[in-house]
Amino acid sequence: MLKLNAVRPFNIFSKLVIALLLVMIPIYGISLYMNQTAEENVHNELSQSVVSSVHFYLSSFEAEMQRLMRLNKELIFDDEFQKIRTISDAMDDYTRSQTILSVKNKLHLLKTSSSFVDDVKVYIPALDRGIFANSFDNHIPDDELGVLQKSLSQYGTPFTFWNNRLLLSEVYPLPIYHLETSIALGVVLSKEQIQHSLAQISQVKDSGASFINLKQNWIVTDGKSNEPILSALKEFVSEPRFKDKASGQESVTVRGVKYLFTFEYSKLLDTYLTVNVPEDQVLGPLGKYRTLFWLLSLMSTVVIIAFSYWIFRLIHQPLKRLITSFRKVEKGDLQVEIHHHHQDEFYYLYEQFNAMVRQLNLLIQEVYEERIRSQQSELKQLQSQINPHFLYNSFFILQGLVRMNDNLSAEKMMQHLGDYFQFITRTGTEMVTLEQEVSHAQSYMEIQSMRFFRQIEVDWGSVPELYKTMQVPRLFLQPIIENAYVHGLEDKAEGGRLIVQFAQNNDYLLIVVEDNGDNLHDDTLASLHNQLRSKQPVKESTAIFNVHRRLQLKYGEKYGLSVSRGILGGMRIELKLAYPKEDHDV
């Protein structure tokens with residue numbers, strides 16, 4: 001152990017002391033000068049900072065509102081909105097339902113496009129109903145509808161504060177034309193999100209930010225300003241000298257406390273953004289710094305020496321133990337575990353080292369498990385290659401086509417069979433592009449379509465362009481479709497439907513396979529759901545569980561399969577795949 005009186009010159013301890021002294025001496029001089037001039041500059045900097053913060057926030061908020069207004073206009077002139085507004089009576093029930101569902105989806109996209117949007121509603125007089133982004137309710141109260149239709153004409157702005165909610169409305173055609181086919185689109189802004197964003201403008205204690213609308217007489221605050229301050233702010237922005245000014249700033253005393261009031265007017269919102277900052281919270285502590293500075297100067301030498309010695313011991317011993325543990329890991333000992341009893345950076349390093357060792361063990365286990373799953377997948381692949389039921393049916397169909405001299409269909413059948421068996425017999429390639437996997441699944445469905453001639457209607461969605469070259473595990477989609485044929489559609493004499501759709505997200509791709517089979521029982525569905533959510537190994541590895549586990553091993557625990565009853569009445573299987581960020585960046 002290193003003794004203080006045994007420290008040799010120019011060792012680590014001596015260098016720490018000298019280095020800290022050399023650093024602290026100029027810092028003390030600069031600090032003394034800064035403390036004398038800080039009080040003069042802080043007030044000006046605070047004023048400019050508040051003005052900049054208010055302007056930046058209001059500009060950002062206006063830009064977001066303009067974006068929402070632009071989306072509202074684009075949405076209200078959308079073809080499906082106009083169709084359902086003008087020719088809804090001429091639509092059949094199915095077309096009308098699909099159009100309403102599409103409108104609802106677009107409303108939901110608008111809702112999710114901004115954190116400031118709480119709900120989106122559209123009222124269609126031709127249908128005498130409304131469509132909501134958040135629910136399937138179709139009733140809009142008359143008073144709310146009146147606010148949406150009269151907002152622009154009454155207040156000169158599409159923003160209206162009604163029933164403790166801030167609404168952004170868009171009407172087409174305008175109500176002045178008194179047309180029964182007009183559409184009223186209303187965006188309900190999230191008051192909580194606005195309050196949360198206002199709270200970010202000023203982080204000074206007891207400060208606050210508010211939106212004040214004089215014409216409609218409403219105030220939205222960040223929740224930190226009390227009633228006297230809000231009344232003073234309202235009187236402040238109402239003063240005649242600020243009538244034609246876009247911004248202003250002044251010190252105002254409220255109940256003995258001096259505040260710096262700052263405002264900026266938004267012509268788009270017809271609203272003032274105000275910020276109140278107590279000056280004592282910023283300027284008050286400066287006087288105490290003078291006394292503390294000299295006390296700190298007297299103690300600095302002793303503290304530097306003690307601190308240097310403490311740092312030497314604090315770093316040297318834990319670091320030596322960490323290096324020893326790393327050397328054990330280098331030699332292959334993965335059972336190493338080290339502990340640190342102080343809540344400092346070495347505690348974090350030790351915990352991360354232990355986590356790294358555990359993760360290495362886990363990765364070794366997962367690699368082993370993935371190999372086992374890969375072997376099971378290859379076994380399923382070999383079984384599918386010699387599946388007599390599918391093989392016999394395919395050749396019986398081909399034989400029938402030849403006997404009927406339907407050479408064109410027979411040629412297509414042989415082409416699909418060739419593509420199918422060429423894909424499943426390919427070895428040495430575990431990953432393929434999504435486009436190749438989908439093409440294989442389509443070949444399989446074409447073969448089945450010839451078998452179930454005119455019995456099953458297949459609806460294929462298009463693969464998003466961004467995901468076509470995405471690398472995916474081979475033979476993960478065709479077994480799911482095969483499951484739909486075997487367990488859901490094989491016994492349907494007619495009217496069978498099978499839908500495959502793709503939905504893209506910033507972080508993942510969702511593939512939906514849904515059928516209208518009649519053999520799905522609630523107990524079976526619940527059992528499948530529970531087994532997919534369970535982390536325990538499944539006794540019988542069917543196609544669904546095999547694909548689910550392969551996707552989880554590839555992308556992580558939050559990806560894989562989920563099952564539910566679809567709107568067609570049969571099984572609905574959702575496959576969630578992560579999009580690789582590195583591929584996207586490249």
# chains A, B, ... in the order shown; residues from 1 in each chain; ligands from 1
call {"tool": "select_by_dssp", "arguments": {"residues": "stretch 427-527 of chain A", "states": "alpha helix (DSSP H)", "output": "MDAnalysis selection string"}}
result
chainID A and resid 434:451 478:484 522:527
call {"tool": "select_by_dssp", "arguments": {"residues": "stretch 476-505 of chain A", "states": "strand (DSSP E or B)", "output": "NGL selection string"}}
result
:A and (496-504)
call {"tool": "atom_distance", "arguments": {"atom1": "atom CA of A:Val17", "atom2": "atom CA of A:Arg321"}}
result
24.7 Å
call {"tool": "residues_around", "arguments": {"residues": "A:His139", "least_positions_apart": "2", "cutoff": "12 Å", "atoms": "only C-alpha atoms", "output": "list in words"}}
result
Lys121, Val122, Tyr123, Ile124, Pro125, Leu127, Asp128, Arg129, Gly130, Ile131, Phe132, Ser135, Phe136, Asp137, Pro141, Asp142, Asp143, Glu144 and Leu145 of chain A
call {"tool": "residues_around", "arguments": {"residues": "A:Gly248", "least_positions_apart": "3", "cutoff": "9 Å", "atoms": "only C-alpha atoms", "output": "list in words"}}
result
Val51, Val237, Phe242, Lys245, Phe261, Thr262, Phe263 and Glu264 of chain A
call {"tool": "residues_around", "arguments": {"residues": "A:Gln471", "least_positions_apart": "2", "cutoff": "8 Å", "atoms": "only C-alpha atoms", "output": "ChimeraX atom specification"}}
result
/A:431-434,469,473
call {"tool": "decode", "arguments": {"residues": "stretch 219-232 of chain A", "atoms": "all heavy atoms", "output": "compact mmCIF listing (two decimals), in the first residue's frame"}}
result
# COMPACT_ATOMS: atom_id res chain seq x y z
N ILE A 219 -56.69 30.76 -21.78
CA ILE A 219 -55.29 30.69 -21.39
C ILE A 219 -54.90 29.22 -21.25
O ILE A 219 -55.62 28.46 -20.60
CB ILE A 219 -55.01 31.44 -20.07
CG1 ILE A 219 -55.36 32.92 -20.21
CG2 ILE A 219 -53.56 31.29 -19.66
CD1 ILE A 219 -55.16 33.70 -18.92
N VAL A 220 -53.78 28.85 -21.84
CA VAL A 220 -53.20 27.51 -21.65
C VAL A 220 -51.81 27.72 -21.05
O VAL A 220 -50.97 28.40 -21.64
CB VAL A 220 -53.10 26.73 -22.96
CG1 VAL A 220 -52.40 25.39 -22.73
CG2 VAL A 220 -54.49 26.49 -23.54
N THR A 221 -51.59 27.16 -19.86
CA THR A 221 -50.32 27.36 -19.16
C THR A 221 -49.56 26.05 -19.06
O THR A 221 -50.09 24.97 -19.39
CB THR A 221 -50.57 27.91 -17.75
OG1 THR A 221 -51.09 26.87 -16.91
CG2 THR A 221 -51.56 29.07 -17.78
N ASP A 222 -48.33 26.18 -18.56
CA ASP A 222 -47.52 24.98 -18.30
C ASP A 222 -47.82 24.38 -16.94
O ASP A 222 -47.16 23.42 -16.53
CB ASP A 222 -46.03 25.31 -18.42
CG ASP A 222 -45.61 26.39 -17.43
OD1 ASP A 222 -46.48 26.94 -16.72
OD2 ASP A 222 -44.42 26.71 -17.40
N GLY A 223 -48.79 24.97 -16.21
CA GLY A 223 -49.18 24.43 -14.91
C GLY A 223 -48.38 24.98 -13.75
O GLY A 223 -48.65 24.64 -12.60
N LYS A 224 -47.38 25.87 -14.02
CA LYS A 224 -46.53 26.38 -12.95
C LYS A 224 -46.88 27.81 -12.54
O LYS A 224 -46.44 28.27 -11.50
CB LYS A 224 -45.05 26.32 -13.37
CG LYS A 224 -44.54 24.91 -13.63
CD LYS A 224 -43.05 24.90 -13.88
CE LYS A 224 -42.71 25.55 -15.19
NZ LYS A 224 -41.25 25.44 -15.50
N SER A 225 -47.64 28.53 -13.34
CA SER A 225 -47.98 29.92 -13.05
C SER A 225 -49.26 29.98 -12.24
O SER A 225 -50.24 29.29 -12.54
CB SER A 225 -48.14 30.71 -14.35
OG SER A 225 -46.94 30.68 -15.11
N ASN A 226 -49.28 30.84 -11.18
CA ASN A 226 -50.47 30.98 -10.36
C ASN A 226 -51.39 32.06 -10.93
O ASN A 226 -51.05 32.77 -11.88
CB ASN A 226 -50.10 31.28 -8.91
CG ASN A 226 -49.16 32.48 -8.81
OD1 ASN A 226 -49.31 33.45 -9.54
ND2 ASN A 226 -48.17 32.39 -7.91
N GLU A 227 -52.56 32.21 -10.30
CA GLU A 227 -53.57 33.12 -10.83
C GLU A 227 -53.14 34.58 -10.84
O GLU A 227 -53.37 35.29 -11.82
CB GLU A 227 -54.86 32.94 -10.02
CG GLU A 227 -56.05 33.70 -10.57
CD GLU A 227 -56.41 33.25 -11.97
OE1 GLU A 227 -56.22 32.06 -12.29
OE2 GLU A 227 -56.87 34.10 -12.76
N PRO A 228 -52.46 35.08 -9.76
CA PRO A 228 -52.02 36.49 -9.83
C PRO A 228 -51.07 36.77 -10.98
O PRO A 228 -51.16 37.82 -11.62
CB PRO A 228 -51.34 36.69 -8.47
CG PRO A 228 -51.98 35.69 -7.57
CD PRO A 228 -52.25 34.50 -8.44
N ILE A 229 -50.16 35.84 -11.23
CA ILE A 229 -49.21 36.04 -12.33
C ILE A 229 -49.94 36.02 -13.67
O ILE A 229 -49.66 36.84 -14.56
CB ILE A 229 -48.11 34.98 -12.29
CG1 ILE A 229 -47.26 35.15 -11.03
CG2 ILE A 229 -47.23 35.05 -13.53
CD1 ILE A 229 -46.17 34.12 -10.87
N LEU A 230 -50.90 35.11 -13.84
CA LEU A 230 -51.65 35.02 -15.10
C LEU A 230 -52.46 36.30 -15.32
O LEU A 230 -52.55 36.80 -16.46
CB LEU A 230 -52.57 33.80 -15.08
CG LEU A 230 -51.86 32.43 -15.08
CD1 LEU A 230 -52.89 31.31 -15.00
CD2 LEU A 230 -51.01 32.26 -16.33
N SER A 231 -53.06 36.84 -14.26
CA SER A 231 -53.82 38.09 -14.39
C SER A 231 -52.89 39.23 -14.79
O SER A 231 -53.23 40.07 -15.64
CB SER A 231 -54.52 38.41 -13.07
OG SER A 231 -55.44 37.39 -12.72
N ALA A 232 -51.71 39.28 -14.16
CA ALA A 232 -50.75 40.32 -14.52
C ALA A 232 -50.27 40.19 -15.95
O ALA A 232 -50.09 41.18 -16.67
CB ALA A 232 -49.57 40.28 -13.55
